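A.B. asks: Just so it is clear, I am handing over run_27.txt, which has compact mmCIF, C-alpha atoms.
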# COMPACT_ATOMS: atom_id res chain seq x y z
CA MET A 370 -14.10 -19.02 27.55
CA LEU A 371 -16.62 -17.75 30.06
CA ALA A 372 -14.07 -18.17 32.83
CA LEU A 373 -11.58 -16.07 30.90
CA ARG A 374 -14.17 -13.35 30.37
CA GLY A 375 -14.89 -13.31 34.07
CA VAL A 376 -11.20 -12.89 34.84
CA LEU A 377 -10.64 -10.20 32.23
CA GLY A 378 -13.69 -8.17 33.10
CA SER A 379 -16.48 -6.95 30.86
CA ARG A 380 -14.24 -5.54 28.13
CA PRO A 381 -14.52 -7.90 25.15
CA GLY A 382 -11.69 -8.84 22.86
CA LEU A 383 -8.71 -8.08 25.07
CA GLY A 384 -7.44 -11.64 24.84
CA LEU A 385 -4.67 -12.47 27.28
CA ALA A 386 -3.72 -8.90 28.19
CA VAL A 387 -4.20 -9.44 31.93
CA GLY A 388 -0.95 -7.88 33.13
CA ALA A 389 -0.48 -4.20 33.85
CA GLY A 390 2.28 -3.86 31.23
CA THR A 391 1.60 -1.81 28.13
CA ALA A 392 3.09 -4.23 25.60
CA PRO A 393 0.45 -6.99 26.01
CA GLN A 394 -2.34 -4.42 25.87
CA LEU A 395 -1.00 -2.92 22.65
CA ALA A 396 -0.62 -6.37 21.15
CA ALA A 397 -4.20 -7.23 22.09
CA ARG A 398 -5.54 -4.03 20.56
CA TRP A 399 -3.55 -4.72 17.40
CA MET A 400 -5.08 -8.21 17.19
CA ASP A 401 -8.59 -6.71 17.60
CA GLN A 402 -8.30 -4.65 14.40
CA ARG A 403 -10.92 -5.40 11.80
CA GLY A 404 -10.15 -7.18 8.59
CA PRO A 405 -8.40 -10.38 7.63
CA LYS A 406 -5.47 -11.39 9.76
CA LEU A 407 -1.96 -10.83 8.51
CA ALA A 408 -0.33 -13.94 7.12
CA LYS A 409 2.88 -15.09 8.71
CA ALA A 410 6.00 -14.07 6.82
CA LYS A 411 6.84 -17.67 6.03
CA ASN A 412 3.42 -18.06 4.34
CA TRP A 413 3.69 -14.97 2.11
CA ILE A 414 3.46 -15.64 -1.61
CA ARG A 415 6.93 -14.97 -2.99
CA THR A 416 6.11 -14.67 -6.70
CA TRP A 417 2.89 -12.81 -7.38
CA LYS A 418 1.51 -13.47 -10.84
CA LEU A 419 -1.41 -11.03 -10.47
CA ARG A 420 -1.26 -7.25 -10.53
CA PRO A 421 -3.90 -4.52 -10.40
CA GLY A 422 -5.54 -4.29 -13.81
CA ASP A 423 -5.54 -8.05 -14.54
CA ARG A 424 -8.79 -9.83 -15.44
CA VAL A 425 -9.32 -12.86 -13.18
CA PHE A 426 -11.81 -15.70 -12.81
CA VAL A 427 -13.04 -16.45 -9.28
CA ASN A 428 -12.95 -20.24 -8.91
CA SER A 429 -14.06 -20.57 -5.28
CA GLY A 430 -16.31 -18.89 -2.74
CA LYS A 431 -19.74 -17.31 -2.95
CA ASP A 432 -18.86 -15.55 -6.23
CA LYS A 433 -17.60 -18.73 -7.90
CA GLY A 434 -17.71 -18.46 -11.68
CA SER A 435 -17.62 -14.66 -11.86
CA THR A 436 -14.91 -12.57 -13.49
CA GLY A 437 -13.58 -9.14 -12.65
CA GLU A 438 -10.61 -6.82 -12.65
CA VAL A 439 -8.07 -6.86 -9.84
CA LEU A 440 -8.33 -3.54 -8.03
CA MET A 441 -5.58 -4.02 -5.46
CA THR A 442 -3.25 -6.62 -4.01
CA ASP A 443 -2.43 -7.12 -0.34
CA PHE A 444 0.93 -8.84 -0.08
CA LYS A 445 0.89 -9.22 3.71
CA ARG A 446 -2.46 -11.03 3.68
CA ASN A 447 -2.12 -12.92 0.35
CA MET A 448 -5.39 -11.36 -0.79
CA VAL A 449 -6.70 -9.42 -3.78
CA LYS A 450 -9.69 -7.16 -4.29
CA VAL A 451 -11.71 -7.95 -7.43
CA ARG A 452 -14.23 -5.55 -8.97
CA GLY A 453 -17.80 -6.78 -8.47
CA CYS A 454 -16.88 -9.77 -6.27
CA ASN A 455 -17.39 -10.36 -2.55
CA LEU A 456 -19.59 -7.28 -2.15
CA ARG A 457 -20.61 -5.94 1.26
CA LYS A 458 -23.34 -3.41 1.98
CA VAL A 459 -22.08 -0.50 4.10
CA ARG A 460 -23.57 2.76 5.24
CA ASP A 461 -21.69 6.00 4.68
CA GLU A 462 -21.71 9.20 6.75
CA GLU A 463 -24.86 10.56 5.06
CA GLY A 464 -26.80 7.37 5.87
CA ASN A 465 -26.87 6.05 2.31
CA TYR A 466 -26.13 2.41 1.62
CA LYS A 467 -23.58 1.34 -0.96
CA PHE A 468 -21.74 -1.83 -1.94
CA ILE A 469 -17.98 -2.15 -1.57
CA GLU A 470 -15.64 -4.94 -2.60
CA LYS A 471 -13.93 -6.96 0.11
CA LYS A 472 -10.76 -8.98 -0.37
CA ILE A 473 -10.61 -12.61 -1.46
CA HIS A 474 -7.68 -14.99 -1.21
CA TYR A 475 -5.09 -15.09 -3.98
CA SER A 476 -5.58 -18.83 -4.49
CA ASN A 477 -9.28 -18.36 -5.30
CA CYS A 478 -8.46 -16.42 -8.49
CA ALA A 479 -7.19 -17.61 -11.85
CA LEU A 480 -5.88 -15.27 -14.52
CA ILE A 481 -7.92 -15.16 -17.72
CA ASP A 482 -6.00 -15.99 -20.87
CA PRO A 483 -6.66 -13.14 -23.34
CA VAL A 484 -6.37 -15.48 -26.36
CA GLU A 485 -9.09 -17.99 -25.42
CA ASN A 486 -10.80 -15.86 -22.74
CA THR A 487 -10.69 -18.78 -20.29
CA PRO A 488 -8.97 -19.15 -16.91
CA THR A 489 -5.46 -20.53 -17.04
CA ARG A 490 -2.49 -21.32 -14.88
CA ILE A 491 0.54 -19.07 -15.23
CA GLY A 492 4.27 -19.70 -15.38
CA LEU A 493 6.97 -17.07 -14.92
CA THR A 494 10.18 -16.96 -16.92
CA PHE A 495 13.01 -14.50 -17.45
CA THR A 496 14.13 -12.91 -20.70
CA GLU A 497 17.76 -12.33 -21.65
CA GLN A 498 17.42 -8.74 -20.45
CA GLY A 499 16.29 -9.98 -17.00
CA GLU A 500 12.63 -8.99 -17.33
CA VAL A 501 9.95 -11.30 -15.93
CA ILE A 502 7.27 -12.45 -18.38
CA ARG A 503 4.12 -14.52 -17.80
CA LEU A 504 3.40 -17.60 -19.91
CA SER A 505 -0.04 -19.18 -20.17
CA HIS A 506 -0.08 -22.94 -19.52
CA ARG A 507 -3.21 -23.26 -21.68
CA THR A 508 -1.97 -21.62 -24.88
CA GLY A 509 1.75 -21.16 -24.26
CA ARG A 510 1.59 -17.48 -25.20
CA VAL A 511 2.99 -14.51 -23.31
CA ILE A 512 0.47 -12.61 -21.20
CA PRO A 513 1.59 -8.97 -20.86
CA TRP A 514 1.70 -7.31 -17.47
CA PRO A 515 -1.04 -4.69 -17.06
CA ASP A 516 -0.24 -1.00 -16.92
CA ASP A 517 -0.02 0.43 -13.43
CA PRO A 518 -3.31 2.28 -12.78
CA ARG A 519 -1.44 4.86 -10.71
CA ASP A 520 0.45 5.95 -13.85
CA LYS A 521 -2.81 6.60 -15.73
CA LYS A 522 -3.69 9.58 -13.59
CA GLU A 523 -2.95 12.76 -15.47
CA LEU A 524 -1.34 15.65 -13.66
CA GLN A 525 -3.75 18.48 -13.10
CA GLN A 526 -2.82 21.92 -14.35
CA HIS A 527 -1.92 24.13 -11.43
CA THR A 528 -3.11 27.71 -11.30
CA ASP A 529 -1.43 30.17 -9.00
CA GLY A 530 -3.56 31.43 -6.15
CA PRO A 531 -3.25 34.65 -4.17
CA LYS A 532 -0.91 33.05 -1.58
CA ASP A 533 1.44 31.34 -4.06
CA THR A 534 4.95 32.78 -4.30
CA PRO A 535 6.03 33.69 -7.84
CA PRO A 536 9.08 31.78 -9.15
CA GLU A 537 11.21 34.92 -9.46
CA LYS A 538 10.69 35.73 -5.78
CA ALA A 539 11.35 32.11 -4.72
CA LEU A 540 14.64 31.99 -6.68
CA GLU A 541 15.86 35.36 -5.39
CA LYS A 542 19.08 35.13 -3.36
CA THR A 543 18.44 36.50 0.12
CA TYR A 544 21.25 34.94 2.16
CA ASP A 545 24.54 36.83 2.43
CA TYR A 546 27.27 34.45 3.52
CA HIS A 547 29.93 37.10 4.23
CA ALA A 548 27.69 39.18 6.49
CA ASP A 549 26.62 36.08 8.40
CA ASN A 550 30.22 34.89 8.67
CA GLU A 551 31.22 38.21 10.24
CA ALA A 552 28.30 38.00 12.70
CA VAL A 553 29.38 34.49 13.76
CA ARG A 554 32.99 35.70 14.25
CA LEU A 555 31.85 38.55 16.49
CA ALA A 556 29.59 36.21 18.49
CA ARG A 557 32.52 33.85 19.07
CA LEU A 558 34.69 36.70 20.29
CA ALA A 559 32.00 37.51 22.88
CA MET A 560 31.68 33.91 24.10
CA ALA A 561 34.00 32.85 26.93
CA LYS A 562 34.56 29.28 25.82
CA TYR A 563 36.19 30.41 22.56
CA ASN A 564 38.36 33.04 24.31
CA TYR A 565 39.56 31.03 27.29
CA ASN A 566 43.26 31.07 26.36
CA ARG A 567 43.42 34.72 25.27
Represent the supplied structure as structure tokens.
C.D. replies:
Amino acid sequence: MLALRGVLGSRPGLGLAVGAGTAPQLAARWMDQRGPKLAKAKNWIRTWKLRPGDRVFVNSGKDKGSTGEVLMTDFKRNMVKVRGCNLRKVRDEEGNYKFIEKKIHYSNCALIDPVENTPTRIGLTFTEQGEVIRLSHRTGRVIPWPDDPRDKKELQQHTDGPKDTPPEKALEKTYDYHADNEAVRLARLAMAKYNYNR
């Protein structure tokens, strides 16, 4: 490793981007990005049984035994972000410290059965209408999919400002096709390429 660093110079993390071409350098910079590595496409989880809004039990890692709500899913990394789990202390622009959730692997979470309030394994099945439903292996009951948190946001009432165009002015017809058509005809008469054979 030390020999490679000597060859590559003092810039850390550039990997094997020794050549002068731009493609290896871009690939090396892409690999240096922070965060968990992307999973290979063949290792992606095909059937996700967790969605944002689900309550899960963390069964592995430093937060083993804790429960929380799934905040987001990352399909390309096979990871989820759980509220109150895997916290990291970061400093914001003002210099204040706060805790943020980091992602944990999908396999380290188990969905909580709402009937018994215990972690359970999940099976997927299709209804006659083609909808996917989740079945609890512990109780055999259907676990409903959570509502999408993005749909919960209410639309804010918009008030017109001084620079907003009123609807009557926006819908007013200002383009005159016949006048423009005549202008195009006169321009073509003046252009040589349209009047070559005349």
A.B. asks: One decimal, in Å: what's the spacing between atom CA of A:Leu480 and atom CA of A:Ser505?
C.D. replies: 9.0 Å
A.B. asks: Kindly indicate which residue among A:Val449, A:Leu540, A:Leu440, A:Ile481 lies nearest to A:Arg519, using all atoms listed in the file for the distances.
C.D. replies: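 Closest residue, counting all atoms listed in the file: A:Leu440.
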A.B. asks: Rounded to one decimal place, report the atom CA of A:Ile414-atom CA of A:Gly492 distance in Å.
C.D. replies: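 Separation between atom CA of A:Ile414 and atom CA of A:Gly492: 14.4 Å.
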A.B. asks: Quick one: residues within 10 Å of A:Gly509, only C-alpha atoms counted, chain neighbours fewer than 6 positions away excluded, as a ChimeraX atom specification?
C.D. replies: /A:482,491-492,503
A.B. asks: Quick one: residues within 12 Å of A:Thr416, only C-alpha atoms, excluding same-chain residues fewer than 6 positions away - as number ranges by chain?
C.D. replies: A: 444, 447, 475, 491-494, 501-503
A.B. asks: May I have the selected residues written with C-alpha atoms, as a short mmCIF file (atom, residue, chain, number, x, y, z; two decimals), in the coordinates of the input?
C.D. replies:
data_model
loop_
_atom_site.label_atom_id
_atom_site.label_comp_id
_atom_site.auth_asym_id
_atom_site.auth_seq_id
_atom_site.Cartn_x
_atom_site.Cartn_y
_atom_site.Cartn_z
CA PHE A 444 0.93 -8.84 -0.08
CA ASN A 447 -2.12 -12.92 0.35
CA TYR A 475 -5.09 -15.09 -3.98
CA ILE A 491 0.54 -19.07 -15.23
CA GLY A 492 4.27 -19.70 -15.38
CA LEU A 493 6.97 -17.07 -14.92
CA THR A 494 10.18 -16.96 -16.92
CA VAL A 501 9.95 -11.30 -15.93
CA ILE A 502 7.27 -12.45 -18.38
CA ARG A 503 4.12 -14.52 -17.80
#
A.B. asks: Using atom CA of A:Val439 and atom CA of A:Arg415 as the two end points, give the distance in Å to one decimal.
C.D. replies: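 Computed distance, atom CA of A:Val439 to atom CA of A:Arg415, equals 18.4 Å.
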A.B. asks: With distances taken over all atoms listed in the file, which of A:Asp443, A:Glu438, A:Asp549, A:Asp432 is nearest to A:Trp413?
C.D. replies: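 Residue with the minimum atom-to-atom distance to A:Trp413: A:Asp443.
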A.B. asks: Which is closest to A:Glu470 among A:Arg424, A:Lys431, A:Lys532, A:Lys458, if we use only C-alpha atoms?
C.D. replies: A:Lys458
